[in-house]
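Raw start08.txt, compact mmCIF, C-alpha atoms:
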# COMPACT_ATOMS: atom_id res chain seq x y z
CA MET A 195 -18.93 -29.58 38.27
CA GLY A 196 -22.67 -29.54 39.07
CA TYR A 197 -25.37 -29.24 36.44
CA PHE A 198 -26.55 -25.77 37.52
CA LEU A 199 -23.00 -24.37 37.60
CA ARG A 200 -22.29 -25.79 34.15
CA ARG A 201 -25.56 -24.33 32.88
CA LEU A 202 -24.77 -20.92 34.42
CA LEU A 203 -21.35 -20.86 32.75
CA ALA A 204 -22.87 -21.87 29.42
CA LEU A 205 -25.46 -19.09 29.63
CA ALA A 206 -22.77 -16.58 30.53
CA CYS A 207 -20.73 -17.65 27.52
CA LEU A 208 -23.74 -17.40 25.22
CA ALA A 209 -24.53 -13.94 26.52
CA ALA A 210 -20.96 -12.77 25.98
CA CYS A 211 -20.71 -14.29 22.51
CA GLY A 212 -24.10 -12.92 21.56
CA ALA A 213 -23.09 -9.47 22.72
CA GLY A 214 -19.94 -9.65 20.61
CA GLN A 215 -21.94 -10.69 17.56
CA ALA A 216 -24.60 -8.02 18.08
CA GLU A 217 -22.00 -5.29 18.41
CA GLY A 218 -20.18 -6.55 15.35
CA LEU A 219 -16.57 -5.77 14.55
CA GLN A 220 -15.19 -2.27 14.50
CA VAL A 221 -12.68 -2.00 11.64
CA LEU A 222 -10.09 0.80 11.62
CA HIS A 223 -8.64 1.58 8.19
CA TRP A 224 -7.76 4.43 5.83
CA TRP A 225 -9.73 3.51 2.68
CA LYS A 226 -11.70 6.61 1.70
CA SER A 227 -11.84 6.98 -2.10
CA ALA A 228 -14.77 5.84 -4.23
CA SER A 229 -13.09 2.62 -5.37
CA GLU A 230 -11.76 1.85 -1.89
CA ARG A 231 -15.20 2.30 -0.36
CA LYS A 232 -16.73 0.01 -2.97
CA ALA A 233 -14.12 -2.67 -2.16
CA VAL A 234 -14.68 -2.28 1.59
CA ASP A 235 -18.44 -2.46 1.13
CA LEU A 236 -18.05 -5.79 -0.66
CA ILE A 237 -16.35 -7.38 2.36
CA ALA A 238 -18.70 -5.67 4.81
CA ALA A 239 -21.71 -7.07 2.93
CA LYS A 240 -20.28 -10.60 3.02
CA LEU A 241 -19.64 -10.24 6.74
CA ASN A 242 -23.21 -9.05 7.28
CA GLU A 243 -24.45 -12.17 5.50
CA GLU A 244 -22.82 -14.07 8.36
CA ASN A 245 -24.87 -11.96 10.80
CA ILE A 246 -21.74 -10.10 11.89
CA GLY A 247 -21.79 -6.31 11.65
CA TRP A 248 -18.98 -4.24 10.15
CA ARG A 249 -18.66 -1.02 12.17
CA ASP A 250 -16.60 1.32 10.03
CA SER A 251 -13.84 3.43 11.57
CA MET A 252 -12.17 5.18 8.66
CA ILE A 253 -9.26 7.54 9.38
CA PRO A 254 -8.59 9.47 6.15
CA ASN A 255 -4.95 9.48 5.07
CA GLY A 256 -3.57 7.93 1.92
CA SER A 257 -0.60 6.24 3.53
CA GLY A 258 -2.16 5.34 6.88
CA VAL A 259 -0.08 7.66 9.07
CA GLY A 260 -3.18 9.10 10.72
CA ALA A 261 -4.74 5.69 11.21
CA GLY A 262 -1.54 4.42 12.82
CA ILE A 263 -1.50 7.31 15.30
CA VAL A 264 -5.16 6.78 16.18
CA LEU A 265 -4.66 3.04 16.60
CA ARG A 266 -1.70 3.49 18.94
CA SER A 267 -3.55 6.04 21.05
CA ARG A 268 -6.61 3.81 21.28
CA MET A 269 -4.46 0.87 22.32
CA LEU A 270 -2.94 2.96 25.11
CA ALA A 271 -6.43 4.04 26.18
CA LYS A 272 -7.57 0.38 26.18
CA ASP A 273 -10.17 1.25 23.54
CA ALA A 274 -8.82 -0.76 20.62
CA PRO A 275 -11.03 -1.73 17.67
CA GLU A 276 -11.48 -5.41 16.95
CA VAL A 277 -9.86 -5.17 13.50
CA ALA A 278 -7.29 -2.81 12.01
CA GLN A 279 -5.44 -2.30 8.77
CA VAL A 280 -1.88 -3.13 9.81
CA ASN A 281 0.52 -3.52 6.89
CA GLY A 282 4.03 -4.84 6.45
CA ILE A 283 6.65 -4.98 9.16
CA VAL A 284 4.21 -3.35 11.59
CA ILE A 285 2.49 -6.76 11.80
CA ARG A 286 5.64 -8.30 13.29
CA ASP A 287 6.17 -5.42 15.70
CA TRP A 288 2.61 -5.51 17.03
CA ALA A 289 2.53 -9.30 17.21
CA ARG A 290 5.64 -9.34 19.40
CA LEU A 291 3.87 -7.01 21.80
CA ASP A 292 1.03 -9.56 22.10
CA LEU A 293 -1.45 -7.05 20.69
CA LEU A 294 -2.67 -9.23 17.81
CA LEU A 295 -4.62 -12.48 17.76
CA ASP A 296 -2.98 -15.32 15.91
CA LEU A 297 -5.02 -16.73 13.04
CA ASP A 298 -3.34 -20.11 12.99
CA VAL A 299 -6.58 -22.09 13.30
CA VAL A 300 -8.38 -20.33 10.45
CA ALA A 301 -5.23 -20.40 8.29
CA ALA A 302 -4.84 -24.13 8.82
CA ALA A 303 -8.53 -24.81 8.14
CA GLY A 304 -8.38 -22.76 4.95
CA LYS A 305 -5.05 -24.25 3.82
CA TRP A 306 -3.57 -20.78 3.44
CA ASP A 307 -0.10 -22.28 3.08
CA LYS A 308 -1.26 -23.89 -0.17
CA LEU A 309 -3.35 -20.94 -1.41
CA LEU A 310 -1.06 -17.99 -0.74
CA LEU A 311 1.80 -16.67 -2.82
CA PRO A 312 4.96 -17.38 -0.75
CA THR A 313 5.93 -13.73 -0.23
CA VAL A 314 2.42 -12.93 1.01
CA ALA A 315 2.46 -15.90 3.37
CA ALA A 316 5.75 -14.68 4.85
CA ALA A 317 4.49 -11.11 5.22
CA ILE A 318 1.59 -12.08 7.49
CA GLN A 319 3.63 -14.26 9.84
CA SER A 320 5.76 -13.55 12.86
CA ASP A 321 7.72 -16.16 14.81
CA GLY A 322 5.87 -18.97 13.06
CA HIS A 323 2.33 -17.69 13.63
CA VAL A 324 -0.18 -16.01 11.29
CA TYR A 325 -1.26 -12.56 12.43
CA ALA A 326 -3.09 -10.98 9.47
CA ALA A 327 -5.53 -11.74 6.68
CA PRO A 328 -4.13 -10.54 3.33
CA LEU A 329 -6.41 -8.65 0.96
CA GLY A 330 -4.36 -7.86 -2.13
CA VAL A 331 -0.99 -6.93 -3.64
CA HIS A 332 -0.42 -3.50 -5.19
CA ARG A 333 2.27 -2.60 -7.72
CA ILE A 334 3.61 0.86 -6.91
CA ASN A 335 6.04 1.58 -9.79
CA THR A 336 3.18 2.07 -12.25
CA LEU A 337 3.16 4.91 -14.76
CA PHE A 338 -0.39 5.70 -15.84
CA TYR A 339 -1.01 7.72 -18.98
CA ASN A 340 -4.11 9.31 -20.46
CA ARG A 341 -4.72 7.43 -23.72
CA LYS A 342 -6.80 10.18 -25.34
CA LEU A 343 -4.00 12.71 -24.85
CA PHE A 344 -1.30 10.31 -25.98
CA THR A 345 -3.27 9.48 -29.11
CA GLN A 346 -4.03 13.13 -29.81
CA TYR A 347 -0.37 14.14 -29.62
CA LYS A 348 0.94 10.93 -31.23
CA LEU A 349 2.90 9.85 -28.17
CA ALA A 350 3.93 6.35 -27.09
CA PRO A 351 4.03 5.34 -23.43
CA PRO A 352 7.62 6.09 -22.34
CA SER A 353 9.91 3.16 -21.51
CA THR A 354 13.05 5.28 -21.04
CA TRP A 355 13.71 8.61 -19.36
CA ALA A 356 14.54 10.13 -22.75
CA GLU A 357 11.11 9.08 -24.03
CA PHE A 358 9.51 10.42 -20.84
CA GLU A 359 11.20 13.79 -21.35
CA HIS A 360 10.02 13.92 -24.97
CA ALA A 361 6.40 13.14 -24.03
CA ALA A 362 6.49 15.63 -21.15
CA GLY A 363 7.81 18.37 -23.43
CA VAL A 364 5.09 17.79 -26.05
CA LEU A 365 2.34 17.77 -23.41
CA GLN A 366 3.60 20.91 -21.71
CA GLN A 367 3.85 22.73 -25.05
CA ALA A 368 0.20 21.81 -25.65
CA GLY A 369 -0.87 23.28 -22.31
CA VAL A 370 -1.25 19.95 -20.53
CA VAL A 371 0.43 19.26 -17.16
CA PRO A 372 2.83 16.41 -18.03
CA LEU A 373 2.96 14.76 -14.59
CA ALA A 374 0.21 14.82 -11.98
CA GLN A 375 1.76 15.04 -8.52
CA SER A 376 0.86 16.09 -4.99
CA SER A 377 3.30 17.58 -2.48
CA GLU A 378 1.80 15.38 0.25
CA PRO A 379 4.78 13.68 1.96
CA TRP A 380 3.93 10.05 1.21
CA GLN A 381 3.11 10.81 -2.42
CA VAL A 382 6.44 12.58 -2.91
CA ALA A 383 8.27 9.68 -1.26
CA THR A 384 6.36 7.15 -3.38
CA LEU A 385 7.63 8.86 -6.54
CA PHE A 386 11.13 8.99 -5.04
CA GLU A 387 11.33 5.29 -4.18
CA THR A 388 10.48 4.42 -7.80
CA LEU A 389 13.36 6.66 -8.91
CA VAL A 390 15.70 4.82 -6.53
CA LEU A 391 14.51 1.50 -7.96
CA ALA A 392 15.28 2.83 -11.45
CA GLU A 393 18.92 2.97 -10.31
CA GLY A 394 18.92 -0.78 -9.67
CA ALA A 395 17.19 -3.34 -7.45
CA ASP A 396 20.31 -4.25 -5.46
CA PHE A 397 20.99 -0.58 -4.79
CA TYR A 398 17.39 -0.14 -3.62
CA ARG A 399 17.77 -3.06 -1.22
CA ALA A 400 21.11 -1.74 0.05
CA LEU A 401 19.56 1.65 0.74
CA PHE A 402 16.22 0.73 2.30
CA GLN A 403 16.43 -2.88 3.50
CA ARG A 404 20.05 -3.46 4.47
CA ARG A 405 20.73 0.24 5.09
CA ASP A 406 24.37 -0.12 4.03
CA ALA A 407 26.35 2.93 5.07
CA GLY A 408 28.07 3.28 1.69
CA ALA A 409 24.79 3.37 -0.22
CA TYR A 410 23.94 6.83 1.12
CA GLN A 411 27.01 8.36 -0.51
CA ASP A 412 26.52 6.46 -3.75
CA ALA A 413 26.23 8.41 -7.01
CA ARG A 414 23.01 6.53 -7.74
CA LEU A 415 21.31 8.20 -4.78
CA THR A 416 22.61 11.52 -6.08
CA ALA A 417 21.00 10.71 -9.43
CA ALA A 418 17.65 9.70 -7.90
CA LEU A 419 17.44 12.87 -5.81
CA GLY A 420 18.48 14.96 -8.80
CA ARG A 421 15.77 13.40 -10.96
CA LEU A 422 13.15 13.98 -8.26
CA ARG A 423 13.98 17.68 -8.28
CA HIS A 424 14.17 17.77 -12.08
CA LEU A 425 10.70 16.22 -12.44
CA LYS A 426 9.16 19.21 -10.65
CA ARG A 427 9.43 21.13 -13.92
CA TRP A 428 6.75 18.85 -15.36
CA MET A 429 4.27 19.31 -12.47
CA ASN A 430 1.79 22.03 -11.52
CA GLN A 431 3.56 25.09 -10.13
CA PRO A 432 3.55 25.36 -7.23
CA VAL A 433 3.04 21.65 -6.61
CA PRO A 434 -0.27 21.44 -4.69
CA GLU A 435 -0.91 19.30 -1.64
CA ARG A 436 -3.93 17.14 -2.38
CA THR A 437 -5.19 13.64 -1.75
CA TRP A 438 -4.11 10.83 -4.04
CA ASP A 439 -7.58 10.44 -5.52
CA ASP A 440 -7.58 14.12 -6.44
CA THR A 441 -4.19 13.61 -8.06
CA THR A 442 -5.70 10.70 -9.98
CA ARG A 443 -8.68 12.83 -11.00
CA GLN A 444 -6.30 15.21 -12.76
CA LEU A 445 -5.25 12.38 -15.07
CA ALA A 446 -8.83 11.18 -15.51
CA ASP A 447 -10.05 14.64 -16.53
CA GLY A 448 -7.25 15.14 -19.04
CA GLU A 449 -5.63 17.95 -17.05
CA ALA A 450 -2.47 15.83 -16.80
CA GLY A 451 -0.92 13.33 -19.18
CA MET A 452 0.92 11.00 -16.78
CA LEU A 453 0.86 9.84 -13.17
CA VAL A 454 3.25 7.69 -11.10
CA MET A 455 1.17 5.92 -8.47
CA GLY A 456 0.37 2.52 -7.02
CA ASP A 457 -2.25 0.60 -8.96
CA TRP A 458 -4.91 1.63 -6.45
CA ALA A 459 -5.14 4.53 -8.93
CA LYS A 460 -6.40 2.05 -11.52
CA GLY A 461 -9.34 1.17 -9.29
CA GLU A 462 -10.14 4.86 -8.92
CA LEU A 463 -9.86 5.51 -12.66
CA ASN A 464 -12.25 2.62 -13.27
CA ALA A 465 -14.62 4.03 -10.65
CA ARG A 466 -14.57 7.34 -12.52
CA GLY A 467 -15.76 5.58 -15.66
CA LEU A 468 -12.45 5.15 -17.49
CA ALA A 469 -11.93 1.67 -18.89
CA THR A 470 -8.50 0.08 -18.70
CA ASP A 471 -6.70 0.20 -22.09
CA GLU A 472 -9.29 2.67 -23.40
CA GLY A 473 -9.35 5.71 -21.14
CA PHE A 474 -5.89 5.08 -19.74
CA GLY A 475 -2.97 2.71 -19.97
CA CYS A 476 -0.58 1.17 -17.44
CA ALA A 477 3.15 1.30 -18.11
CA TYR A 478 6.05 1.30 -15.66
CA VAL A 479 8.43 3.90 -14.34
CA PRO A 480 11.41 3.96 -16.74
CA GLY A 481 14.15 1.61 -15.62
CA THR A 482 11.86 -0.52 -13.45
CA ALA A 483 10.17 -2.84 -15.97
CA ALA A 484 11.69 -5.97 -14.43
CA TYR A 485 10.59 -5.13 -10.90
CA HIS A 486 7.39 -5.19 -8.90
CA LEU A 487 7.61 -2.58 -6.14
CA TYR A 488 4.91 -3.95 -3.92
CA ASN A 489 2.63 -3.28 -1.00
CA ILE A 490 0.36 -5.89 0.60
CA ASP A 491 -2.88 -4.73 2.22
CA THR A 492 -3.79 -6.72 5.32
CA LEU A 493 -6.25 -6.71 8.21
CA SER A 494 -5.15 -7.84 11.66
CA MET A 495 -7.37 -8.89 14.53
CA LEU A 496 -6.71 -7.05 17.78
CA ALA A 497 -6.59 -8.89 21.08
CA THR A 498 -9.56 -7.09 22.61
CA ARG A 499 -12.17 -9.49 23.99
CA GLU A 500 -12.24 -13.26 23.61
CA SER A 501 -15.95 -13.04 22.81
CA HIS A 502 -15.05 -11.45 19.46
CA ARG A 503 -12.62 -14.16 18.37
CA SER A 504 -15.10 -16.25 16.38
CA ALA A 505 -16.31 -13.20 14.46
CA GLN A 506 -12.72 -12.07 13.85
CA GLU A 507 -11.77 -15.49 12.53
CA ARG A 508 -14.84 -15.52 10.31
CA LEU A 509 -13.82 -12.20 8.78
CA ALA A 510 -10.35 -13.60 8.08
CA ALA A 511 -11.87 -16.63 6.36
CA ILE A 512 -14.16 -14.43 4.24
CA ILE A 513 -11.22 -12.30 3.09
CA MET A 514 -9.36 -15.39 1.87
CA ALA A 515 -12.30 -16.90 -0.03
CA PRO A 516 -11.16 -17.12 -3.69
CA ALA A 517 -14.36 -15.54 -5.04
CA ILE A 518 -13.96 -12.55 -2.69
CA GLN A 519 -10.27 -12.25 -3.54
CA ASN A 520 -11.01 -12.01 -7.24
CA GLU A 521 -13.90 -9.55 -6.91
CA TYR A 522 -12.29 -7.35 -4.25
CA ASN A 523 -9.05 -6.90 -6.16
CA GLN A 524 -10.83 -6.23 -9.41
CA ILE A 525 -12.49 -3.26 -7.69
CA LYS A 526 -9.43 -2.13 -5.71
CA GLY A 527 -6.97 -2.22 -8.63
CA SER A 528 -4.66 -4.73 -6.93
CA ILE A 529 -4.08 -8.44 -7.61
CA PRO A 530 -5.24 -11.37 -5.47
CA VAL A 531 -2.85 -12.89 -2.93
CA LEU A 532 -3.57 -16.37 -4.33
CA ARG A 533 -1.20 -18.62 -6.25
CA ASN A 534 -3.94 -19.43 -8.77
CA PRO A 535 -6.38 -16.51 -9.15
CA GLN A 536 -8.89 -16.21 -11.97
CA LEU A 537 -6.71 -14.63 -14.64
CA ALA A 538 -9.67 -14.37 -17.01
CA LYS A 539 -11.28 -11.81 -14.70
CA MET A 540 -8.19 -9.59 -14.69
CA ASP A 541 -7.55 -6.69 -17.03
CA SER A 542 -4.22 -6.28 -18.84
CA CYS A 543 -2.70 -4.21 -16.03
CA ALA A 544 -3.54 -6.81 -13.39
CA ARG A 545 -2.35 -9.74 -15.52
CA ALA A 546 1.00 -8.05 -16.10
CA SER A 547 1.29 -7.28 -12.39
CA PHE A 548 0.46 -10.85 -11.38
CA LYS A 549 2.81 -12.40 -13.94
CA LEU A 550 5.72 -10.31 -12.68
CA PHE A 551 5.01 -10.67 -8.95
CA SER A 552 4.48 -14.42 -9.17
CA SER A 553 7.71 -14.88 -11.13
CA GLY A 554 9.68 -14.96 -7.88
CA PRO A 555 11.72 -13.00 -5.32
CA GLN A 556 14.10 -11.53 -7.89
CA ALA A 557 11.27 -9.34 -9.20
CA GLN A 558 9.67 -8.51 -5.85
CA ILE A 559 10.82 -5.27 -4.25
CA PRO A 560 9.21 -4.27 -0.91
CA SER A 561 8.08 -0.65 -0.66
CA LEU A 562 9.75 1.65 1.85
CA VAL A 563 6.89 4.15 1.91
CA HIS A 564 4.21 1.50 2.38
CA ARG A 565 5.95 -0.27 5.29
CA MET A 566 7.15 -3.39 3.52
CA ALA A 567 10.92 -2.70 3.55
CA THR A 568 11.64 -1.39 7.03
CA ASP A 569 10.09 -0.35 10.33
CA GLU A 570 7.92 2.72 10.82
CA LEU A 571 10.49 4.86 12.64
CA VAL A 572 12.96 4.66 9.76
CA ARG A 573 10.21 4.98 7.19
CA ASP A 574 8.73 8.10 8.78
CA ALA A 575 12.11 9.79 9.19
CA MET A 576 13.16 9.10 5.60
CA VAL A 577 9.83 10.23 4.15
CA ALA A 578 10.12 13.50 6.09
CA GLU A 579 13.66 14.07 4.82
CA VAL A 580 12.77 13.42 1.19
CA HIS A 581 9.73 15.69 1.53
CA ARG A 582 11.90 18.49 2.92
CA PHE A 583 14.26 18.15 -0.03
CA PHE A 584 11.37 18.22 -2.50
CA LEU A 585 9.77 21.36 -1.07
CA ASP A 586 12.93 23.42 -0.69
CA ASP A 587 15.14 23.80 -3.76
CA ASN A 588 17.81 25.37 -1.57
CA VAL A 589 18.45 22.05 0.20
CA LYS A 590 21.53 20.47 -1.35
CA VAL A 591 21.51 16.93 -2.66
CA ALA A 592 24.67 16.09 -0.69
CA ASP A 593 23.11 17.34 2.56
CA THR A 594 20.03 15.17 2.02
CA GLN A 595 22.20 12.14 1.31
CA ARG A 596 24.12 12.76 4.51
CA ARG A 597 20.95 13.15 6.57
CA LEU A 598 19.41 9.99 5.12
CA GLY A 599 22.62 8.16 6.01
CA THR A 600 22.45 9.51 9.55
CA ILE A 601 18.88 8.24 9.88
CA ALA A 602 19.95 4.79 8.72
CA ARG A 603 22.91 4.64 11.12
CA THR A 604 20.99 6.02 14.10
CA PHE A 605 18.10 3.61 13.86
CA SER A 606 20.36 0.66 13.06
CA LYS A 607 22.10 1.19 16.40
CA THR A 608 18.79 1.18 18.29
CA GLN A 609 17.53 -2.12 16.87
Output the file's structure in the form of structure tokens.
Amino acid sequence: MGYFLRRLLALACLAACGAGQAEGLQVLHWWKSASERKAVDLIAAKLNEENIGWRDSMIPNGSGVGAGIVLRSRMLAKDAPEVAQVNGIVIRDWARLDLLLDLDVVAAAGKWDKLLLPTVAAAIQSDGHVYAAPLGVHRINTLFYNRKLFTQYKLAPPSTWAEFEHAAGVLQQAGVVPLAQSSEPWQVATLFETLVLAEGADFYRALFQRRDAGAYQDARLTAALGRLRHLKRWMNQPVPERTWDDTTRQLADGEAGMLVMGDWAKGELNARGLATDEGFGCAYVPGTAAYHLYNIDTLSMLATRESHRSAQERLAAIIMAPAIQNEYNQIKGSIPVLRNPQLAKMDSCARASFKLFSSGPQAQIPSLVHRMATDELVRDAMVAEVHRFFLDDNVKVADTQRRLGTIARTFSKTQ
């Protein structure tokens, strides 16, 4: 190849790469609350220090349903962002469609195989390749309680359903809403999946991971659905539809005594000025103390233009830097994805979460609602069915069990 041709190609490459850098990376996600924005801003600032812009594309929705719809439509329109929040089994599905860039080079350079907790490492891979940068691990079966209220009414954080009922009765008698809850579909289903887990980890796996036909007629599913309906007596009437951070605010302001929510609520409570172990405490949903119902937040790099690859890989490397991991998760309420994080920087809730999650697979339970246990079609159909049951007291438990079983059978046949 002649000198002038080589020089022309080099200049073309520099122009393309420079354009990619100048434009920065557009990042599609659903982090909207005060604590989420603070955590996002931390990563964006670190990326900017590398002279790479973070162009925010936030689609508000607590569980990411809206963001998923927008991302799919933009992919079809050939207008995909460079980066997107893509969690759980969706990573595998998108990778197999050749829509994601592999991060094998950056993972190898950063020795991710040595740094990452094994379950996290497995979650970001498909067919032997790395397709996402993991941000943090959330524990979903967390029962938050307002410490001021519990002290005032001489209550202990409940470890059994009998203790929960006692605390709820005392709070309600005092004019306090016992359990903060939204009727938003994913929030209802998040409460429900913790109630299923309370019936046993193997039963949970049979229902949501293996989708065993017999599990949908099991008396334990009857019990979980019955408890979901029973718990409505301890909520606002009618149960309002509101965002999760508004649900969390109810606990923070002392309007409610308890809240079942992923530990992203802890980050929001901290952002509202409540200190862990002072303003609020973290317990667990009764019957689930031995289990960590988890969600892993991840960012994937979309196969848009090759000129963006270096910036995309740099973002992935920044996310996995131990200092960023520790600071980000301290803000977000989650725990780092690292085998050896800085435990001294964690509060009591995070240390308990990390100790349990890192104890091994027997404690780790993947969330249905947050896309860790099964694919999106099954997840969406089951969430809708549970939501229907929750809203309408005329829907029979047996009918909901039958419909959930039909969903499981139907989608099993199509996979």
Item to complete: Name the residues in contact with Gln558 (chain A) at a cut-off of 10 Å, using all atoms listed in the file, excluding same-chain residues fewer than 4 positions from it; report them as a ChimeraX atom specification.
Response: /A:313,333,395,484-488,550-554
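The interatomic distance for the pair CA of Ala517 (chain A) and CA of Asn534 (chain A) works out to 11.7 Å.
With only C-alpha atoms as the atoms that count, the residue of A:Gln536, A:Asn520, A:Ser561, A:Ser251 with the shortest distance to Phe402 (chain A) is A:Ser561.
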* Please provide as a PyMOL selection string all residues within 7 Å of Leu329 (chain A), with the sequence filter that same-chain residues fewer than 3 positions apart are discarded (counting all atoms listed in the file). => chain A and resi 491-492+513+519+531
What separates CA of Val314 (chain A) and CA of Pro530 (chain A) is a distance of 10.2 Å
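Minimum atom-to-atom distance to Leu310 (chain A), evaluated using only C-alpha atoms, belongs to A:Ala515 out of A:Leu365, A:Leu585, A:Leu496, A:Ala515.
With only C-alpha atoms taken into account, the protein and nucleic acid residues at most 12 Å from Leu571 (chain A) (excluding it and anything under 2 positions from it in its own chain) are A:Val259, A:Ile283, A:Val284, A:Asp287, A:Leu562, A:Val563, A:Arg565, A:Ala567, A:Thr568, A:Asp569, A:Arg573, A:Asp574, A:Ala575, A:Met576, A:Val577, A:Ala578, A:Ile601, A:Ala602, A:Thr604, A:Phe605, A:Ser606, A:Thr608, A:Gln609.
For the set A:Gln556, A:Ser501, A:Thr437, A:Asn281, the residue with the smallest atom-to-atom gap to Ile318 (chain A) is A:Asn281, counting only C-alpha atoms.
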- Message: Can you pull out the residues contacting Arg596 (chain A)? Cut-off 12 Å, using only C-alpha atoms, and skip same-chain residues under 2 positions away; I want them as a ChimeraX atom specification.
- Response: /A:407-412,415-416,576,579-580,589-594,598-603
